[in-house]
$ cat coords37.csv   # CSV, C-alpha atoms
chain,number,residue,atom,x,y,z
A,1,MET,CA,-16.1,-27.4,-9.3
A,2,PHE,CA,-16.1,-29.9,-12.1
A,3,GLU,CA,-19.5,-31.4,-11.2
A,4,ILE,CA,-21.3,-29.3,-13.8
A,5,PHE,CA,-19.7,-31.4,-16.5
A,6,THR,CA,-20.8,-34.7,-14.8
A,7,GLN,CA,-24.3,-33.3,-14.8
A,8,LEU,CA,-24.1,-32.2,-18.4
A,9,ALA,CA,-23.0,-35.7,-19.3
A,10,ASP,CA,-25.7,-37.3,-17.2
A,11,TRP,CA,-28.3,-35.2,-18.9
A,12,LEU,CA,-27.1,-35.8,-22.5
A,13,THR,CA,-26.3,-39.5,-22.1
A,14,TYR,CA,-29.2,-40.7,-20.0
A,15,SER,CA,-32.0,-38.2,-20.8
A,16,MET,CA,-31.3,-37.0,-24.3
A,17,LEU,CA,-29.8,-40.2,-25.8
A,18,GLY,CA,-31.7,-42.5,-23.5
A,19,LEU,CA,-28.8,-44.8,-22.8
A,20,SER,CA,-28.7,-46.9,-19.7
A,21,PRO,CA,-26.1,-46.0,-17.1
A,22,GLN,CA,-25.5,-49.8,-16.7
A,23,SER,CA,-24.7,-50.4,-20.4
A,24,LYS,CA,-21.2,-50.4,-21.7
A,25,LEU,CA,-22.1,-47.9,-24.4
A,26,GLY,CA,-23.8,-45.6,-21.9
A,27,ASP,CA,-20.7,-45.7,-19.7
A,28,ALA,CA,-18.4,-44.9,-22.6
A,29,VAL,CA,-20.5,-42.1,-24.0
A,30,HIS,CA,-20.8,-40.6,-20.6
A,31,PHE,CA,-17.1,-40.6,-20.1
A,32,PHE,CA,-16.6,-39.1,-23.5
A,33,ILE,CA,-19.0,-36.2,-23.1
A,34,GLU,CA,-17.9,-35.4,-19.6
A,35,ASP,CA,-14.2,-35.3,-20.4
A,36,VAL,CA,-14.4,-33.5,-23.7
A,37,SER,CA,-16.6,-30.7,-22.4
A,38,LYS,CA,-14.5,-30.3,-19.3
A,39,ILE,CA,-11.2,-30.2,-21.2
A,40,TYR,CA,-12.5,-27.7,-23.8
A,41,VAL,CA,-13.7,-25.2,-21.2
A,42,LEU,CA,-10.6,-25.7,-19.1
A,43,LEU,CA,-8.3,-25.2,-22.1
A,44,LEU,CA,-9.9,-22.1,-23.5
A,45,VAL,CA,-10.2,-20.3,-20.2
A,46,MET,CA,-6.8,-21.3,-18.8
A,47,ILE,CA,-4.7,-20.9,-21.9
A,48,TYR,CA,-6.0,-17.4,-22.2
A,49,VAL,CA,-5.2,-16.6,-18.5
A,50,ILE,CA,-1.7,-18.2,-18.7
A,51,ALA,CA,-0.9,-16.4,-21.9
A,52,LEU,CA,-1.8,-13.0,-20.4
A,53,LEU,CA,0.8,-13.7,-17.7
A,54,ARG,CA,3.6,-14.8,-19.9
A,55,ALA,CA,3.0,-12.6,-22.9
A,56,SER,CA,6.5,-11.1,-22.6
A,57,LEU,CA,8.4,-14.4,-22.2
A,58,ASN,CA,10.0,-15.7,-25.3
A,59,VAL,CA,13.0,-17.9,-26.4
A,60,GLU,CA,15.2,-14.9,-27.0
A,61,ARG,CA,14.9,-13.7,-23.4
A,62,VAL,CA,15.5,-17.3,-22.2
A,63,ARG,CA,18.7,-17.4,-24.2
A,64,ASP,CA,20.0,-14.2,-22.8
A,65,TYR,CA,19.2,-15.3,-19.3
A,66,LEU,CA,20.9,-18.7,-19.7
A,67,GLN,CA,24.0,-17.3,-21.4
A,68,GLY,CA,26.9,-17.5,-19.0
A,69,LYS,CA,25.0,-19.1,-16.2
A,70,ASN,CA,27.0,-21.7,-14.3
A,71,LYS,CA,26.1,-25.3,-15.0
A,72,GLY,CA,24.1,-26.2,-11.8
A,73,VAL,CA,21.8,-23.2,-12.2
A,74,GLY,CA,21.8,-23.7,-15.9
A,75,TYR,CA,20.3,-27.2,-15.9
A,76,LEU,CA,17.6,-26.3,-13.5
A,77,SER,CA,16.6,-23.1,-15.2
A,78,GLY,CA,16.9,-24.7,-18.6
A,79,ALA,CA,14.4,-27.3,-17.6
A,80,VAL,CA,12.1,-24.9,-15.9
A,81,PHE,CA,12.1,-22.5,-18.9
A,82,GLY,CA,11.5,-25.5,-21.1
A,83,ALA,CA,8.3,-26.1,-19.2
A,84,VAL,CA,7.0,-22.6,-19.3
A,85,THR,CA,8.2,-21.0,-22.5
A,86,PRO,CA,5.8,-21.2,-25.4
A,87,PHE,CA,7.4,-22.4,-28.6
A,88,CYS,CA,6.3,-24.6,-31.4
A,89,SER,CA,8.1,-27.9,-31.8
A,90,CYS,CA,8.9,-26.9,-35.4
A,91,SER,CA,11.2,-24.3,-34.0
A,92,SER,CA,13.3,-26.8,-32.0
A,93,ILE,CA,16.2,-26.6,-34.5
A,94,PRO,CA,16.4,-22.8,-34.7
A,95,VAL,CA,16.2,-22.7,-30.9
A,96,PHE,CA,18.9,-25.4,-30.5
A,97,LEU,CA,21.2,-23.4,-32.8
A,98,GLY,CA,20.3,-20.1,-31.2
A,99,PHE,CA,21.3,-21.4,-27.8
A,100,THR,CA,24.4,-23.1,-29.1
A,101,SER,CA,25.6,-20.1,-31.0
A,102,ALA,CA,25.2,-18.0,-27.8
A,103,GLY,CA,27.7,-20.4,-26.2
A,104,ILE,CA,25.2,-22.2,-24.0
A,105,PRO,CA,26.4,-25.7,-23.2
A,106,VAL,CA,24.6,-28.6,-25.1
A,107,GLY,CA,23.4,-30.1,-21.8
A,108,ILE,CA,21.6,-26.9,-20.8
A,109,THR,CA,20.0,-26.6,-24.2
A,110,MET,CA,18.9,-30.2,-24.1
A,111,ALA,CA,17.5,-29.7,-20.6
A,112,PHE,CA,15.3,-27.1,-22.2
A,113,LEU,CA,14.4,-29.1,-25.2
A,114,LEU,CA,13.7,-32.4,-23.3
A,115,THR,CA,11.4,-30.8,-20.8
A,116,SER,CA,9.5,-28.8,-23.3
A,117,PRO,CA,7.3,-31.5,-24.9
A,118,LEU,CA,6.8,-33.3,-21.5
A,119,ILE,CA,5.5,-30.3,-19.5
A,120,ASN,CA,3.5,-27.5,-20.9
A,121,GLU,CA,0.4,-25.6,-19.8
A,122,VAL,CA,-2.0,-27.9,-21.7
A,123,ALA,CA,-0.5,-31.1,-20.1
A,124,VAL,CA,-0.7,-29.6,-16.6
A,125,LEU,CA,-4.2,-28.4,-17.1
A,126,LEU,CA,-5.4,-31.8,-18.3
A,127,LEU,CA,-3.6,-33.6,-15.5
A,128,MET,CA,-5.2,-31.3,-12.9
A,129,GLY,CA,-8.6,-31.6,-14.4
A,130,LEU,CA,-8.5,-35.4,-14.9
A,131,LEU,CA,-6.2,-36.9,-12.4
A,132,GLY,CA,-5.9,-34.4,-9.5
A,133,TRP,CA,-3.1,-32.3,-8.1
A,134,LYS,CA,-1.0,-35.1,-6.6
A,135,ILE,CA,-0.3,-36.9,-9.8
A,136,THR,CA,0.1,-33.5,-11.6
A,137,LEU,CA,2.8,-32.4,-9.1
A,138,MET,CA,4.6,-35.8,-9.4
A,139,TYR,CA,4.5,-35.6,-13.2
A,140,VAL,CA,5.9,-32.1,-13.3
A,141,LEU,CA,8.7,-33.0,-10.8
A,142,ILE,CA,9.6,-36.1,-12.8
A,143,GLY,CA,9.6,-34.2,-16.1
A,144,LEU,CA,12.0,-31.5,-14.7
A,145,THR,CA,14.2,-34.2,-13.1
A,146,VAL,CA,14.6,-36.0,-16.4
A,147,GLY,CA,15.5,-32.8,-18.2
A,148,ILE,CA,18.0,-31.7,-15.5
A,149,LEU,CA,19.8,-35.1,-15.1
A,150,GLY,CA,19.6,-35.8,-18.8
A,151,GLY,CA,21.3,-32.4,-19.6
A,152,ALA,CA,23.9,-32.9,-16.9
A,153,PHE,CA,24.6,-36.4,-18.2
A,154,LEU,CA,25.1,-35.3,-21.8
A,155,ASP,CA,27.6,-32.7,-20.8
A,156,SER,CA,29.5,-35.1,-18.6
A,157,ILE,CA,30.0,-37.5,-21.5
A,158,GLY,CA,31.2,-34.6,-23.7
A,159,ALA,CA,28.2,-34.7,-26.0
A,160,GLU,CA,29.2,-31.6,-27.8
A,161,ARG,CA,31.9,-33.4,-29.9
A,162,TRP,CA,29.0,-35.2,-31.6
A,163,LEU,CA,27.3,-32.1,-32.8
A,164,GLN,CA,27.3,-31.5,-36.6
A,165,ASP,CA,30.5,-29.6,-37.5
A,166,PHE,CA,28.9,-26.2,-38.1
A,167,ALA,CA,27.0,-26.3,-34.8
A,168,LEU,CA,30.1,-27.2,-32.9
A,169,LYS,CA,32.0,-24.4,-34.6
A,170,ALA,CA,29.3,-21.9,-33.7
A,171,LEU,CA,29.6,-23.1,-30.1
A,172,GLN,CA,33.3,-22.7,-30.0
A,173,ASN,CA,33.2,-19.2,-31.7
A,174,ALA,CA,30.8,-18.1,-29.0
A,175,ARG,CA,33.1,-19.3,-26.3
A,176,GLN,CA,36.0,-17.3,-27.6
A,177,ARG,CA,33.9,-14.1,-27.8
A,178,LYS,CA,33.3,-12.3,-24.6
A,179,PRO,CA,29.7,-12.6,-23.6
A,180,ALA,CA,28.1,-9.8,-25.5
A,181,GLY,CA,25.7,-8.9,-22.8
A,182,GLN,CA,23.2,-7.9,-25.4
A,183,VAL,CA,20.2,-8.6,-23.2
A,184,ALA,CA,17.1,-7.9,-25.2
A,185,ALA,CA,15.3,-5.2,-23.4
A,186,ALA,CA,12.1,-6.6,-21.9
A,187,GLN,CA,9.3,-4.8,-23.7
A,188,LYS,CA,6.7,-3.3,-21.6
A,189,LEU,CA,3.4,-4.5,-22.8
A,190,THR,CA,0.2,-2.7,-22.4
A,191,PHE,CA,-2.8,-4.7,-21.3
A,192,ALA,CA,-4.3,-4.4,-24.8
A,193,GLN,CA,-1.2,-6.0,-26.3
A,194,ARG,CA,-1.3,-8.8,-23.7
A,195,HIS,CA,-5.0,-9.4,-24.3
A,196,GLN,CA,-4.3,-9.6,-28.1
A,197,PHE,CA,-1.5,-12.0,-27.5
A,198,ALA,CA,-3.5,-14.2,-25.2
A,199,LYS,CA,-6.5,-14.2,-27.5
A,200,GLU,CA,-4.3,-15.4,-30.4
A,201,GLU,CA,-2.5,-17.9,-28.3
A,202,ALA,CA,-5.8,-19.4,-27.0
A,203,SER,CA,-7.3,-19.8,-30.5
A,204,ASP,CA,-3.9,-21.0,-31.9
A,205,ILE,CA,-3.4,-23.7,-29.3
A,206,PHE,CA,-7.0,-24.7,-29.2
A,207,GLY,CA,-7.1,-25.0,-33.0
A,208,ARG,CA,-4.1,-27.3,-32.7
A,209,VAL,CA,-5.2,-29.5,-29.9
A,210,TRP,CA,-9.0,-29.9,-30.1
A,211,LYS,CA,-8.8,-33.0,-32.3
A,212,TRP,CA,-6.2,-34.6,-30.1
A,213,VAL,CA,-8.6,-34.2,-27.2
A,214,ILE,CA,-11.3,-36.1,-29.2
A,215,ILE,CA,-8.9,-38.8,-30.2
A,216,GLY,CA,-7.4,-39.2,-26.7
A,217,VAL,CA,-10.7,-39.1,-24.9
A,218,GLY,CA,-12.3,-41.4,-27.5
A,219,LEU,CA,-9.6,-44.0,-26.9
A,220,GLY,CA,-9.9,-43.5,-23.2
A,221,ALA,CA,-13.7,-44.0,-23.5
A,222,ALA,CA,-13.2,-47.1,-25.6
A,223,LEU,CA,-10.9,-48.5,-22.9
A,224,HIS,CA,-13.3,-47.5,-20.2
A,225,GLY,CA,-16.4,-49.1,-21.8
A,226,PHE,CA,-15.1,-52.1,-23.6
A,227,VAL,CA,-12.0,-53.5,-22.0
A,228,PRO,CA,-13.5,-56.0,-19.5
A,229,GLU,CA,-13.6,-54.6,-16.1
A,230,GLY,CA,-10.7,-55.9,-14.0
A,231,TRP,CA,-8.7,-57.2,-17.0
A,232,ILE,CA,-6.0,-54.7,-16.7
A,233,ALA,CA,-5.9,-54.8,-13.0
A,234,GLN,CA,-5.7,-58.5,-13.0
A,235,HIS,CA,-3.0,-58.9,-15.6
A,236,LEU,CA,-0.8,-55.8,-15.1
A,237,GLY,CA,-2.0,-54.5,-11.8
A,238,ASP,CA,0.8,-55.7,-9.6
A,239,GLY,CA,3.3,-53.6,-11.6
A,240,GLN,CA,5.2,-56.7,-12.9
A,241,TRP,CA,8.7,-55.5,-13.6
A,242,TRP,CA,8.6,-56.2,-17.3
A,243,SER,CA,5.5,-54.2,-17.8
A,244,VAL,CA,7.3,-50.9,-17.4
A,245,PRO,CA,9.9,-51.4,-20.2
A,246,ALA,CA,7.2,-52.9,-22.3
A,247,ALA,CA,5.1,-49.8,-21.8
A,248,VAL,CA,8.0,-47.6,-22.8
A,249,VAL,CA,8.8,-49.6,-26.0
A,250,LEU,CA,5.1,-49.6,-26.9
A,251,GLY,CA,5.1,-45.8,-26.6
A,252,ILE,CA,7.8,-45.2,-29.1
A,253,PRO,CA,5.9,-45.9,-32.3
A,254,LEU,CA,2.8,-44.3,-30.9
A,255,TYR,CA,3.3,-40.7,-31.5
A,256,SER,CA,1.1,-38.2,-29.7
A,257,ASN,CA,1.4,-35.0,-27.8
A,258,ALA,CA,0.5,-34.7,-24.2
A,259,THR,CA,-3.0,-33.6,-25.0
A,260,GLY,CA,-3.9,-36.8,-26.7
A,261,VAL,CA,-2.3,-39.2,-24.2
A,262,ILE,CA,-3.4,-37.8,-20.9
A,263,PRO,CA,-7.1,-38.8,-21.3
A,264,VAL,CA,-5.8,-42.3,-22.1
A,265,MET,CA,-3.7,-42.2,-18.9
A,266,GLU,CA,-6.8,-41.3,-16.9
A,267,SER,CA,-8.6,-44.3,-18.3
A,268,LEU,CA,-5.6,-46.7,-17.7
A,269,ILE,CA,-5.2,-45.6,-14.1
A,270,VAL,CA,-9.0,-45.9,-13.4
A,271,ASN,CA,-8.8,-49.4,-14.9
A,272,GLY,CA,-6.1,-50.4,-12.5
A,273,LEU,CA,-2.9,-49.9,-14.3
A,274,PRO,CA,-0.2,-48.9,-11.8
A,275,VAL,CA,0.8,-45.2,-11.9
A,276,GLY,CA,4.4,-45.9,-12.7
A,277,THR,CA,3.7,-48.0,-15.7
A,278,THR,CA,1.1,-45.5,-16.9
A,279,VAL,CA,3.5,-42.5,-16.5
A,280,ALA,CA,6.3,-44.4,-18.3
A,281,PHE,CA,4.0,-45.1,-21.2
A,282,CYS,CA,2.7,-41.6,-21.4
A,283,MET,CA,6.2,-40.0,-21.3
A,284,SER,CA,7.5,-42.3,-23.9
A,285,THR,CA,4.6,-41.6,-26.3
A,286,VAL,CA,5.1,-37.8,-25.9
A,287,ALA,CA,8.9,-37.4,-25.8
A,288,ALA,CA,10.4,-40.3,-27.7
A,289,SER,CA,9.0,-39.9,-31.2
A,290,PHE,CA,10.9,-40.7,-34.4
A,291,PRO,CA,9.6,-37.8,-36.6
A,292,GLU,CA,11.0,-35.2,-34.2
A,293,PHE,CA,14.2,-37.0,-33.6
A,294,ILE,CA,14.9,-37.2,-37.3
A,295,LEU,CA,14.7,-33.4,-37.4
A,296,LEU,CA,17.5,-33.2,-34.8
A,297,LYS,CA,19.8,-35.0,-37.2
A,298,GLN,CA,20.3,-31.6,-38.9
A,299,VAL,CA,22.4,-30.5,-35.9
A,300,MET,CA,23.5,-33.8,-34.2
A,301,GLN,CA,25.5,-36.8,-35.4
A,302,TRP,CA,23.9,-40.2,-35.2
A,303,ARG,CA,25.9,-41.1,-32.2
A,304,LEU,CA,24.5,-38.2,-30.1
A,305,LEU,CA,21.0,-38.7,-31.4
A,306,ALA,CA,21.1,-42.4,-30.4
A,307,THR,CA,22.5,-41.5,-27.0
A,308,VAL,CA,19.7,-39.0,-26.3
A,309,PHE,CA,17.1,-41.5,-27.4
A,310,ALA,CA,18.5,-44.2,-25.3
A,311,LEU,CA,18.8,-41.8,-22.4
A,312,LEU,CA,15.1,-41.0,-22.6
A,313,LEU,CA,14.0,-44.7,-22.7
A,314,VAL,CA,16.2,-45.6,-19.8
A,315,SER,CA,15.0,-42.7,-17.7
A,316,PHE,CA,11.3,-43.4,-18.4
A,317,THR,CA,11.8,-47.0,-17.4
A,318,LEU,CA,13.6,-46.1,-14.2
A,319,VAL,CA,10.9,-43.6,-13.4
A,320,GLY,CA,8.2,-46.2,-14.0
A,321,TRP,CA,9.8,-48.7,-11.7
A,322,LEU,CA,10.5,-46.2,-9.0
A,323,LEU,CA,6.9,-44.9,-9.0
A,324,ASN,CA,5.5,-48.5,-8.9
A,325,VAL,CA,7.6,-49.3,-5.9
A,326,VAL,CA,6.8,-46.1,-4.1
A,327,SER,CA,3.0,-46.3,-4.8
A,328,ALA,CA,2.9,-49.9,-3.7
A,329,LEU,CA,4.4,-48.9,-0.4
A,330,MET,CA,2.0,-46.0,0.2
B,1,MET,CA,12.3,-5.0,-56.5
B,2,LYS,CA,12.1,-6.3,-52.9
B,3,LYS,CA,13.8,-9.5,-52.0
B,4,ILE,CA,11.7,-11.2,-49.4
B,5,MET,CA,12.8,-14.4,-47.5
B,6,VAL,CA,10.8,-16.5,-45.1
B,7,LEU,CA,13.0,-18.4,-42.7
B,8,GLY,CA,11.6,-21.5,-41.2
B,9,SER,CA,11.9,-25.3,-41.0
B,10,GLY,CA,9.2,-25.8,-43.6
B,11,CYS,CA,6.3,-26.1,-41.2
B,12,ALA,CA,2.7,-25.2,-42.2
B,13,LYS,CA,3.0,-21.7,-40.7
B,14,CYS,CA,6.0,-20.9,-42.8
B,15,SER,CA,4.4,-21.8,-46.1
B,16,LYS,CA,1.3,-19.8,-45.1
B,17,THR,CA,3.5,-16.8,-44.4
B,18,ALA,CA,5.1,-17.0,-47.8
B,19,GLU,CA,1.8,-17.4,-49.5
B,20,GLN,CA,0.4,-14.3,-47.7
B,21,LEU,CA,3.4,-12.3,-48.7
B,22,GLU,CA,3.1,-13.2,-52.4
B,23,LYS,CA,-0.7,-12.6,-52.4
B,24,LEU,CA,-0.5,-9.2,-50.8
B,25,ALA,CA,2.5,-8.1,-53.0
B,26,GLN,CA,0.4,-9.0,-56.0
B,27,GLU,CA,-2.6,-7.2,-54.7
B,28,LEU,CA,-0.7,-4.0,-54.0
B,29,GLY,CA,1.3,-4.3,-57.2
B,30,VAL,CA,4.6,-4.3,-55.5
B,31,GLU,CA,7.4,-6.1,-57.3
B,32,ALA,CA,8.7,-8.7,-54.9
B,33,GLU,CA,10.5,-12.0,-55.0
B,34,VAL,CA,9.5,-14.3,-52.2
B,35,SER,CA,11.6,-17.3,-51.3
B,36,LYS,CA,11.7,-19.8,-48.5
B,37,GLN,CA,14.8,-20.6,-46.6
B,38,THR,CA,14.9,-23.9,-44.7
B,39,ASP,CA,18.6,-24.3,-44.2
B,40,PRO,CA,19.3,-24.3,-40.4
B,41,GLN,CA,22.7,-22.9,-40.9
B,42,VAL,CA,21.4,-19.8,-42.7
B,43,ILE,CA,18.6,-19.4,-40.1
B,44,MET,CA,21.3,-19.4,-37.4
B,45,GLN,CA,23.3,-16.8,-39.2
B,46,TYR,CA,20.4,-14.5,-39.0
B,47,GLY,CA,20.2,-15.2,-35.3
B,48,VAL,CA,16.6,-16.2,-35.6
B,49,MET,CA,15.1,-18.6,-33.1
B,50,SER,CA,11.4,-18.3,-33.5
B,51,THR,CA,10.1,-19.2,-36.9
B,52,PRO,CA,8.5,-18.3,-39.3
B,53,ALA,CA,10.7,-15.1,-39.6
B,54,VAL,CA,10.5,-12.6,-42.4
B,55,VAL,CA,13.6,-11.0,-43.9
B,56,ILE,CA,13.1,-8.1,-46.4
B,57,ASP,CA,16.2,-6.9,-48.2
B,58,ASP,CA,18.4,-8.5,-45.6
B,59,GLN,CA,16.6,-6.9,-42.7
B,60,ILE,CA,14.7,-9.0,-40.2
B,61,VAL,CA,11.3,-7.5,-39.9
B,62,HIS,CA,9.3,-10.2,-38.0
B,63,THR,CA,9.8,-13.4,-36.1
B,64,GLY,CA,7.7,-16.1,-34.4
B,65,SER,CA,4.3,-16.1,-36.1
B,66,ILE,CA,2.3,-15.6,-39.2
B,67,PRO,CA,2.4,-11.8,-39.6
B,68,HIS,CA,-0.9,-9.8,-39.7
B,69,THR,CA,-2.1,-8.6,-43.0
B,70,GLU,CA,-1.7,-4.9,-41.9
B,71,GLU,CA,1.9,-5.5,-40.9
B,72,ILE,CA,2.7,-7.1,-44.3
B,73,LYS,CA,1.1,-4.2,-46.1
B,74,ALA,CA,3.2,-1.7,-44.2
B,75,TRP,CA,6.4,-3.5,-45.1
B,76,LEU,CA,5.5,-3.7,-48.7
B,77,LYS,CA,4.6,-0.1,-49.0
B,78,ARG,CA,7.9,1.0,-47.5

$ encode --input "coords37.csv" --output "structure tokens"
Amino acid sequence: MFEIFTQLADWLTYSMLGLSPQSKLGDAVHFFIEDVSKIYVLLLVMIYVIALLRASLNVERVRDYLQGKNKGVGYLSGAVFGAVTPFCSCSSIPVFLGFTSAGIPVGITMAFLLTSPLINEVAVLLLMGLLGWKITLMYVLIGLTVGILGGAFLDSIGAERWLQDFALKALQNARQRKPAGQVAAAQKLTFAQRHQFAKEEASDIFGRVWKWVIIGVGLGAALHGFVPEGWIAQHLGDGQWWSVPAAVVLGIPLYSNATGVIPVMESLIVNGLPVGTTVAFCMSTVAASFPEFILLKQVMQWRLLATVFALLLVSFTLVGWLLNVVSALM
Amino acid sequence: MKKIMVLGSGCAKCSKTAEQLEKLAQELGVEAEVSKQTDPQVIMQYGVMSTPAVVIDDQIVHTGSIPHTEEIKAWLKR
């Protein structure tokens, strides 16, 4: 189904630009054209379709659903909703407070917020298009697991005492009140409204991510064409144990969203970097970023902030090791 | 005199919303005072989770996106 993009890249690179398929430059340009055209078409079409389906899902409904759920169900559904609910990362603080002041435990709220940057429709589409369904499925399951276990862990150590005072008070007030049961009535949307929402969503998301695609694929193409063939495979290909924590640490100062990093992932895997090391690097780049963590300071004390950060780094390292071992056995 | 407040964490969309409101109020000749509110505690008290949100005379009229020009005009004319 994706061959048309290979043909397009063949034609543009070899016929129009006259580059040789054997040259490094030709290789890199081909990779770039094929991936960018494929990703753009995939994103525009699929974001529209997905938005049509989820037009009536929003954070308010998720909050009402999660309110009063028992913990086991709460962590799972918090993480799942984190993956599928559209919301902009600049809303994380209001969402955190909205959940907290509805009496939802910190762990469930964090399951939602940790999963959200890791898994979203753009990430899943890119993974499917570039790396196939097996890695996509694995990535999604890992993302959910990190959210669920991370949330459960935070509650088990009593993380709520390290919230900022006003947030903790809001949580305690909500506990004393009886659940209000003010479930926001699901609006019935007409198709025209859904279409309108989906159109805006597609142009909004595309407007935000198109440059990340160019940057990510550009880096991937550079890796593809200019890192000597076999260099990565030779030096890091055995999944040396230290390479995983090193990849995680390297990912911290690199700040990108999933859109920018997945094309790089593709290139790393093709060049022989083990899957576990690659996934650890990718998740660290996407989820462990200082600018967004500093924002959370408004609602969390340093202690909790540092705990969440450490939690992410440790889990990505464990995930990387585990995947490397499993994929070496397969 | 309408008191208009844009709730949001100071992201680009919030500033754009505030600008739009000011511009349209001027165009329509409606007296309005537009301010931005970034304090998370205040945003929480309004129970708003999706920003930018627009509050006019203490009533939440919109949440979650930059409002359309037509919507803004309708609020201002009220």

$ closest_residue --input "coords37.csv" --among "B:Ala32, B:Ile4, B:Val42, B:Met49" --to "chain A" --atoms "all atoms listed in the file"
B:Met49

$ closest_atom_pairs --input "coords37.csv" --of "range 80-197 of chain A" --to "range 37-50 of chain A" --cutoff "12 Å" --atoms "only C-alpha atoms" --output "JSON lines"
{"residue": "A:Val84", "atom": "CA", "partner": "A:Ile50", "partner_atom": "CA", "distance": 9.8}
{"residue": "A:Thr85", "atom": "CA", "partner": "A:Ile50", "partner_atom": "CA", "distance": 11.0}
{"residue": "A:Pro86", "atom": "CA", "partner": "A:Ile50", "partner_atom": "CA", "distance": 10.5}
{"residue": "A:Asn120", "atom": "CA", "partner": "A:Ile47", "partner_atom": "CA", "distance": 10.6}
{"residue": "A:Glu121", "atom": "CA", "partner": "A:Ile47", "partner_atom": "CA", "distance": 7.2}
{"residue": "A:Val122", "atom": "CA", "partner": "A:Leu43", "partner_atom": "CA", "distance": 6.9}
{"residue": "A:Ala123", "atom": "CA", "partner": "A:Leu43", "partner_atom": "CA", "distance": 10.0}
{"residue": "A:Val124", "atom": "CA", "partner": "A:Leu43", "partner_atom": "CA", "distance": 10.4}
{"residue": "A:Leu125", "atom": "CA", "partner": "A:Leu43", "partner_atom": "CA", "distance": 7.2}
{"residue": "A:Leu126", "atom": "CA", "partner": "A:Ile39", "partner_atom": "CA", "distance": 6.7}
{"residue": "A:Leu127", "atom": "CA", "partner": "A:Ile39", "partner_atom": "CA", "distance": 10.1}
{"residue": "A:Met128", "atom": "CA", "partner": "A:Leu42", "partner_atom": "CA", "distance": 9.9}
{"residue": "A:Gly129", "atom": "CA", "partner": "A:Ile39", "partner_atom": "CA", "distance": 7.4}
{"residue": "A:Leu130", "atom": "CA", "partner": "A:Ile39", "partner_atom": "CA", "distance": 8.6}
{"residue": "A:Arg194", "atom": "CA", "partner": "A:Tyr48", "partner_atom": "CA", "distance": 9.9}
{"residue": "A:His195", "atom": "CA", "partner": "A:Tyr48", "partner_atom": "CA", "distance": 8.3}
{"residue": "A:Gln196", "atom": "CA", "partner": "A:Tyr48", "partner_atom": "CA", "distance": 9.9}
{"residue": "A:Phe197", "atom": "CA", "partner": "A:Tyr48", "partner_atom": "CA", "distance": 8.8}

$ write_last_selection --input "coords37.csv" --atoms "C-alpha atoms" --output "PDB file, in the coordinates of the input"
ATOM      1  CA  VAL A  84       7.000 -22.600 -19.300  1.00  0.00           C
ATOM      2  CA  THR A  85       8.200 -21.000 -22.500  1.00  0.00           C
ATOM      3  CA  PRO A  86       5.800 -21.200 -25.400  1.00  0.00           C
ATOM      4  CA  ASN A 120       3.500 -27.500 -20.900  1.00  0.00           C
ATOM      5  CA  GLU A 121       0.400 -25.600 -19.800  1.00  0.00           C
ATOM      6  CA  VAL A 122      -2.000 -27.900 -21.700  1.00  0.00           C
ATOM      7  CA  ALA A 123      -0.500 -31.100 -20.100  1.00  0.00           C
ATOM      8  CA  VAL A 124      -0.700 -29.600 -16.600  1.00  0.00           C
ATOM      9  CA  LEU A 125      -4.200 -28.400 -17.100  1.00  0.00           C
ATOM     10  CA  LEU A 126      -5.400 -31.800 -18.300  1.00  0.00           C
ATOM     11  CA  LEU A 127      -3.600 -33.600 -15.500  1.00  0.00           C
ATOM     12  CA  MET A 128      -5.200 -31.300 -12.900  1.00  0.00           C
ATOM     13  CA  GLY A 129      -8.600 -31.600 -14.400  1.00  0.00           C
ATOM     14  CA  LEU A 130      -8.500 -35.400 -14.900  1.00  0.00           C
ATOM     15  CA  ARG A 194      -1.300  -8.800 -23.700  1.00  0.00           C
ATOM     16  CA  HIS A 195      -5.000  -9.400 -24.300  1.00  0.00           C
ATOM     17  CA  GLN A 196      -4.300  -9.600 -28.100  1.00  0.00           C
ATOM     18  CA  PHE A 197      -1.500 -12.000 -27.500  1.00  0.00           C
TER      19      PHE A 197
END

$ interface_residues --input "coords37.csv" --of "chain A" --to "chain B" --cutoff "12 Å" --atoms "all atoms listed in the file" --output "VMD selection string"
chain A and resid 58 to 63 85 to 102 164 to 171 197 200 to 201 204 208 295 to 299

$ atom_distance --input "coords37.csv" --atom1 "CA of Leu323 in chain A" --atom2 "CA of Gln240 in chain A"
12.5 Å

$ atom_distance --input "coords37.csv" --atom1 "CA of Ile142 in chain A" --atom2 "CA of Ile215 in chain A"
25.5 Å

$ residues_around --input "coords37.csv" --residues "range 18-30 of chain B" --least-positions-apart "4" --cutoff "8 Å" --atoms "all atoms listed in the file" --output "PyMOL selection string"
chain B and resi 1+6+14+34-36+69+72-73+76-77

$ closest_atom_pairs --input "coords37.csv" --of "range 253-272 of chain A" --to "range 276-292 of chain A" --cutoff "9 Å" --atoms "all atoms listed in the file" --output "tab-separated table"
residue	atom	partner	partner_atom	distance
A:Pro253	CA	A:Ser289	CA	6.8
A:Leu254	CA	A:Thr285	CA	5.6
A:Tyr255	CA	A:Thr285	CA	5.4
A:Ser256	CA	A:Val286	CA	5.5
A:Asn257	CA	A:Val286	CA	5.0
A:Ala258	CA	A:Val286	CA	5.8
A:Val261	CA	A:Cys282	CA	6.2
A:Ile262	CA	A:Cys282	CA	7.2
A:Val264	CA	A:Cys282	CA	8.6
A:Met265	CA	A:Thr278	CA	6.2
A:Glu266	CA	A:Thr278	CA	8.9
A:Leu268	CA	A:Thr278	CA	6.9
A:Ile269	CA	A:Thr278	CA	6.9
